[in-house]
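What follows is a single structure, written as structure tokens, with notes after it.
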Amino acid sequence: MAAVGKIYLVAVVTVVLASISSPVSADPEMLQDVCVADLASGVKVNGFACKPTFNASDFFFDGLAKPGLTNNTLGSRVTAANVEKVPGLNTLGVSLSRVDYAPGGLNPPHTHPRATEMVYVLYGELDVGFITTANVLVSKSIKMGETFVFPRGLVHFQKNNGKDPAAAIAAFNSQLPGTQSIAATLFAASPPVPNNVLTKAFQVGTKEVEKIKSRLAPK
């Protein structure tokens, strides 16, 4: 466990430095030293209003220190460390996530509309890939200590095809990158996407669409 802890620390430092090394962030530039998010404020701005006072706890989060539970239908769990969890990230243009995968677990096809993502494998092996707007799949198998980049806005995925658990740290150049899961977006939207749209788009029958909707419906 001590070795894993050291690897984890190196991973976090690596991906954070990689995220902030570019002078261009996906978020607007900051205009002061800090602007700690006032998550309770009713003021609506592009981001969050600033708290009048702040302390060290606004810049701290320990939620990535241990594996997330993967006992779900996908066999994966994403634990985000974004501005909603770390208010001090407001206006700083960076965030992290930890992704844990059971053997066979999948982080399903999804996009981040506001950020490029860079993953660093903590342990295990992952098959990862993204699809370009020309419908070209760019994929690779990566293992502990290796990284892979998913360009902003492109559909991408990660799958643990191994027999052991895996975990990765993901870095983003946005305080709140947003996530749109393709299957859930189309088949579990509220109000629902009309069946005649989905049947025509996927060239399947209504029964197939209803079956998928029932499986993806919020529990």
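Ordered as shown in the structure tokens, chains take letters A, B, and onward, while each chain numbers its residues from 1 and ligands are numbered from 1 in the order shown.
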- Apply DSSP to the structure's backbone, then extract all residues of region 154-206 of chain A labelled strand (DSSP E) and return them as a PyMOL selection string. chain A and resi 155-159+166-172+180-181
Include N, CA, C and O atoms and write out the residues we just selected as a compact mmCIF listing (two decimals), in the first residue's frame.
# COMPACT_ATOMS: atom_id res chain seq x y z
N VAL A 155 -15.90 12.30 -28.21
CA VAL A 155 -16.40 11.12 -27.49
C VAL A 155 -15.22 10.20 -27.17
O VAL A 155 -14.37 9.93 -28.04
N HIS A 156 -15.15 9.73 -25.93
CA HIS A 156 -14.06 8.86 -25.52
C HIS A 156 -14.53 7.88 -24.45
O HIS A 156 -15.64 8.00 -23.92
N PHE A 157 -13.67 6.91 -24.13
CA PHE A 157 -14.03 5.85 -23.19
C PHE A 157 -12.77 5.25 -22.59
O PHE A 157 -11.66 5.44 -23.10
N GLN A 158 -12.96 4.48 -21.50
CA GLN A 158 -11.90 3.66 -20.91
C GLN A 158 -12.51 2.35 -20.46
O GLN A 158 -13.60 2.34 -19.90
N LYS A 159 -11.80 1.25 -20.72
CA LYS A 159 -12.29 -0.07 -20.33
C LYS A 159 -11.17 -0.88 -19.71
O LYS A 159 -10.05 -0.89 -20.22
N ALA A 166 -8.42 -1.60 -11.64
CA ALA A 166 -7.55 -0.56 -12.19
C ALA A 166 -8.04 0.78 -11.69
O ALA A 166 -9.18 0.93 -11.24
N ALA A 167 -7.16 1.78 -11.76
CA ALA A 167 -7.53 3.14 -11.35
C ALA A 167 -6.70 4.14 -12.13
O ALA A 167 -5.57 3.85 -12.55
N ALA A 168 -7.28 5.31 -12.33
CA ALA A 168 -6.58 6.38 -13.06
C ALA A 168 -6.95 7.72 -12.45
O ALA A 168 -8.02 7.88 -11.85
N ILE A 169 -6.04 8.67 -12.62
CA ILE A 169 -6.31 10.06 -12.29
C ILE A 169 -6.48 10.82 -13.60
O ILE A 169 -5.68 10.66 -14.53
N ALA A 170 -7.54 11.62 -13.69
CA ALA A 170 -7.79 12.41 -14.89
C ALA A 170 -7.65 13.89 -14.55
O ALA A 170 -8.18 14.35 -13.53
N ALA A 171 -6.93 14.62 -15.38
CA ALA A 171 -6.75 16.06 -15.21
C ALA A 171 -7.47 16.80 -16.32
O ALA A 171 -7.50 16.34 -17.47
N PHE A 172 -8.05 17.95 -15.97
CA PHE A 172 -8.82 18.75 -16.93
C PHE A 172 -8.37 20.20 -16.88
O PHE A 172 -8.03 20.71 -15.81
N GLN A 180 -21.04 14.47 -20.44
CA GLN A 180 -22.25 14.04 -21.13
C GLN A 180 -22.06 12.61 -21.59
O GLN A 180 -21.32 12.34 -22.54
N SER A 181 -22.69 11.66 -20.89
CA SER A 181 -22.63 10.25 -21.26
C SER A 181 -23.56 10.02 -22.44
O SER A 181 -24.74 10.37 -22.38
- Item | Near-region 29-42 of chain A list (6 Å; only C-alpha atoms; drop same-chain fewer than 2 positions) as a list in words | Phe48, Ala49, Cys50, Lys51, Pro87, Gly88, Asn90 and Thr91 of chain A
Could the residues in this selection be saved with N, CA and C atoms as a PDB file, in the first residue's frame?
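This is the output file out.pdb:
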ATOM      1  N   PHE A  48     -18.827  30.922 -10.586  1.00  0.00           N
ATOM      2  CA  PHE A  48     -19.463  31.133  -9.294  1.00  0.00           C
ATOM      3  C   PHE A  48     -19.028  32.476  -8.728  1.00  0.00           C
ATOM      4  N   ALA A  49     -19.927  33.084  -7.971  1.00  0.00           N
ATOM      5  CA  ALA A  49     -19.580  34.318  -7.273  1.00  0.00           C
ATOM      6  C   ALA A  49     -18.513  34.025  -6.222  1.00  0.00           C
ATOM      7  N   CYS A  50     -17.758  35.040  -5.839  1.00  0.00           N
ATOM      8  CA  CYS A  50     -16.674  34.868  -4.865  1.00  0.00           C
ATOM      9  C   CYS A  50     -17.206  34.982  -3.433  1.00  0.00           C
ATOM     10  N   LYS A  51     -16.698  34.132  -2.548  1.00  0.00           N
ATOM     11  CA  LYS A  51     -16.993  34.253  -1.127  1.00  0.00           C
ATOM     12  C   LYS A  51     -16.247  35.457  -0.553  1.00  0.00           C
ATOM     13  N   PRO A  87     -14.027  24.516  -3.640  1.00  0.00           N
ATOM     14  CA  PRO A  87     -14.430  25.874  -4.035  1.00  0.00           C
ATOM     15  C   PRO A  87     -13.275  26.772  -4.447  1.00  0.00           C
ATOM     16  N   GLY A  88     -12.074  26.501  -3.905  1.00  0.00           N
ATOM     17  CA  GLY A  88     -10.921  27.316  -4.240  1.00  0.00           C
ATOM     18  C   GLY A  88     -10.489  27.199  -5.698  1.00  0.00           C
ATOM     19  N   ASN A  90     -12.343  27.825  -8.176  1.00  0.00           N
ATOM     20  CA  ASN A  90     -13.074  28.806  -8.978  1.00  0.00           C
ATOM     21  C   ASN A  90     -12.106  29.791  -9.649  1.00  0.00           C
ATOM     22  N   THR A  91     -12.222  29.941 -10.945  1.00  0.00           N
ATOM     23  CA  THR A  91     -11.427  30.806 -11.834  1.00  0.00           C
ATOM     24  C   THR A  91     -10.016  30.281 -12.108  1.00  0.00           C
TER      25      THR A  91
END
- Go through A:Lys85, A:Lys200, A:Lys211, A:Arg98 and flag the residue nearest Phe59 (chain A), using only C-alpha atoms for the distances.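 Checking each candidate against Phe59 (chain A), we get A:Lys85 as the closest.
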Applying 10 Å and only C-alpha atoms, which residues near Ala115 (chain A) remain after dropping the ones on its own chain fewer than 5 positions away? List them as a compact mmCIF listing (two decimals) with all heavy atoms, in the first residue's frame.
# COMPACT_ATOMS: atom_id res chain seq x y z
N SER A 25 -6.20 28.28 -20.74
CA SER A 25 -7.15 27.44 -20.05
C SER A 25 -8.47 27.43 -20.81
O SER A 25 -8.75 28.33 -21.60
CB SER A 25 -7.39 27.97 -18.62
OG SER A 25 -8.52 27.37 -18.05
N ALA A 26 -9.27 26.40 -20.59
CA ALA A 26 -10.59 26.36 -21.21
C ALA A 26 -11.55 27.33 -20.55
O ALA A 26 -12.61 27.64 -21.09
CB ALA A 26 -11.16 24.94 -21.14
N ASP A 27 -11.19 27.83 -19.37
CA ASP A 27 -12.05 28.74 -18.62
C ASP A 27 -11.56 30.17 -18.77
O ASP A 27 -10.41 30.41 -19.15
CB ASP A 27 -12.05 28.36 -17.13
CG ASP A 27 -12.68 26.99 -16.89
OD1 ASP A 27 -13.38 26.50 -17.78
OD2 ASP A 27 -12.46 26.43 -15.80
N GLY A 93 -9.18 27.27 -13.50
CA GLY A 93 -9.12 26.55 -14.77
C GLY A 93 -8.53 25.16 -14.74
O GLY A 93 -8.05 24.67 -15.77
N VAL A 94 -8.54 24.49 -13.58
CA VAL A 94 -8.06 23.11 -13.49
C VAL A 94 -8.97 22.30 -12.58
O VAL A 94 -9.67 22.85 -11.71
CB VAL A 94 -6.61 23.02 -12.94
CG1 VAL A 94 -5.62 23.65 -13.89
CG2 VAL A 94 -6.51 23.64 -11.55
N SER A 95 -8.97 20.98 -12.77
CA SER A 95 -9.66 20.07 -11.86
C SER A 95 -9.14 18.66 -12.11
O SER A 95 -8.44 18.41 -13.10
CB SER A 95 -11.18 20.13 -12.05
OG SER A 95 -11.55 19.77 -13.37
N PHE A 150 -7.43 12.89 -24.19
CA PHE A 150 -8.69 12.94 -24.92
C PHE A 150 -8.98 14.40 -25.26
O PHE A 150 -9.23 15.21 -24.36
CB PHE A 150 -9.84 12.38 -24.07
CG PHE A 150 -9.58 10.98 -23.56
CD1 PHE A 150 -9.36 10.75 -22.22
CD2 PHE A 150 -9.57 9.91 -24.43
CE1 PHE A 150 -9.12 9.46 -21.75
CE2 PHE A 150 -9.32 8.62 -23.98
CZ PHE A 150 -9.11 8.39 -22.64
N PRO A 151 -8.96 14.77 -26.53
CA PRO A 151 -9.20 16.17 -26.91
C PRO A 151 -10.58 16.65 -26.50
O PRO A 151 -11.55 15.88 -26.47
CB PRO A 151 -9.05 16.15 -28.44
CG PRO A 151 -8.16 14.98 -28.71
CD PRO A 151 -8.57 13.96 -27.69
N ARG A 152 -10.67 17.92 -26.20
CA ARG A 152 -11.90 18.55 -25.73
C ARG A 152 -13.08 18.26 -26.67
O ARG A 152 -12.98 18.40 -27.88
CB ARG A 152 -11.69 20.06 -25.64
CG ARG A 152 -12.92 20.86 -25.27
CD ARG A 152 -12.57 22.33 -25.20
NE ARG A 152 -13.74 23.15 -24.93
CZ ARG A 152 -13.70 24.47 -24.79
NH1 ARG A 152 -12.55 25.12 -24.89
NH2 ARG A 152 -14.79 25.15 -24.54
N GLY A 153 -14.17 17.83 -26.07
CA GLY A 153 -15.42 17.67 -26.80
C GLY A 153 -15.58 16.37 -27.56
O GLY A 153 -16.68 16.07 -28.03
N LEU A 154 -14.50 15.58 -27.72
CA LEU A 154 -14.63 14.34 -28.49
C LEU A 154 -15.10 13.18 -27.61
O LEU A 154 -14.74 13.08 -26.44
CB LEU A 154 -13.28 13.98 -29.14
CG LEU A 154 -12.76 14.96 -30.20
CD1 LEU A 154 -11.50 14.41 -30.85
CD2 LEU A 154 -13.83 15.27 -31.25
N ALA A 171 -6.93 14.62 -15.38
CA ALA A 171 -6.75 16.06 -15.21
C ALA A 171 -7.47 16.80 -16.32
O ALA A 171 -7.50 16.34 -17.47
CB ALA A 171 -5.27 16.41 -15.21
N PHE A 172 -8.05 17.95 -15.97
CA PHE A 172 -8.82 18.75 -16.93
C PHE A 172 -8.37 20.20 -16.88
O PHE A 172 -8.03 20.71 -15.81
CB PHE A 172 -10.32 18.69 -16.60
CG PHE A 172 -10.89 17.30 -16.53
CD1 PHE A 172 -10.93 16.62 -15.33
CD2 PHE A 172 -11.39 16.69 -17.66
CE1 PHE A 172 -11.46 15.34 -15.25
CE2 PHE A 172 -11.92 15.41 -17.60
CZ PHE A 172 -11.96 14.74 -16.39
N ASN A 173 -8.44 20.88 -18.02
CA ASN A 173 -8.13 22.31 -18.03
C ASN A 173 -9.40 23.13 -17.89
O ASN A 173 -9.63 24.10 -18.62
CB ASN A 173 -7.35 22.69 -19.30
CG ASN A 173 -8.13 22.45 -20.57
OD1 ASN A 173 -8.99 21.58 -20.64
ND2 ASN A 173 -7.83 23.22 -21.61
N SER A 174 -10.22 22.75 -16.94
CA SER A 174 -11.43 23.48 -16.59
C SER A 174 -11.78 23.18 -15.14
O SER A 174 -11.56 22.06 -14.67
CB SER A 174 -12.60 23.07 -17.48
OG SER A 174 -13.82 23.66 -17.03
N GLN A 175 -12.32 24.17 -14.44
CA GLN A 175 -12.74 23.94 -13.06
C GLN A 175 -13.99 23.06 -13.00
O GLN A 175 -14.27 22.44 -11.98
CB GLN A 175 -13.03 25.27 -12.37
CG GLN A 175 -14.24 26.03 -12.94
CD GLN A 175 -14.46 27.35 -12.25
OE1 GLN A 175 -13.53 28.01 -11.83
NE2 GLN A 175 -15.72 27.74 -12.12
N LEU A 176 -14.74 22.98 -14.10
CA LEU A 176 -15.97 22.19 -14.16
C LEU A 176 -16.16 21.73 -15.60
O LEU A 176 -16.90 22.33 -16.37
CB LEU A 176 -17.16 23.03 -13.68
CG LEU A 176 -18.45 22.29 -13.35
CD1 LEU A 176 -18.25 21.32 -12.19
CD2 LEU A 176 -19.57 23.27 -13.02
N PRO A 177 -15.47 20.65 -15.98
CA PRO A 177 -15.45 20.24 -17.39
C PRO A 177 -16.78 19.79 -17.95
O PRO A 177 -17.02 19.87 -19.15
CB PRO A 177 -14.42 19.11 -17.42
CG PRO A 177 -14.33 18.62 -16.02
CD PRO A 177 -14.60 19.81 -15.14
N GLY A 178 -17.69 19.34 -17.08
CA GLY A 178 -18.96 18.81 -17.55
C GLY A 178 -18.79 17.43 -18.17
O GLY A 178 -17.74 17.14 -18.76
N THR A 179 -19.78 16.58 -18.01
CA THR A 179 -19.73 15.24 -18.58
C THR A 179 -21.07 14.91 -19.21
O THR A 179 -22.12 15.09 -18.58
CB THR A 179 -19.41 14.18 -17.52
OG1 THR A 179 -18.14 14.47 -16.92
CG2 THR A 179 -19.37 12.79 -18.13
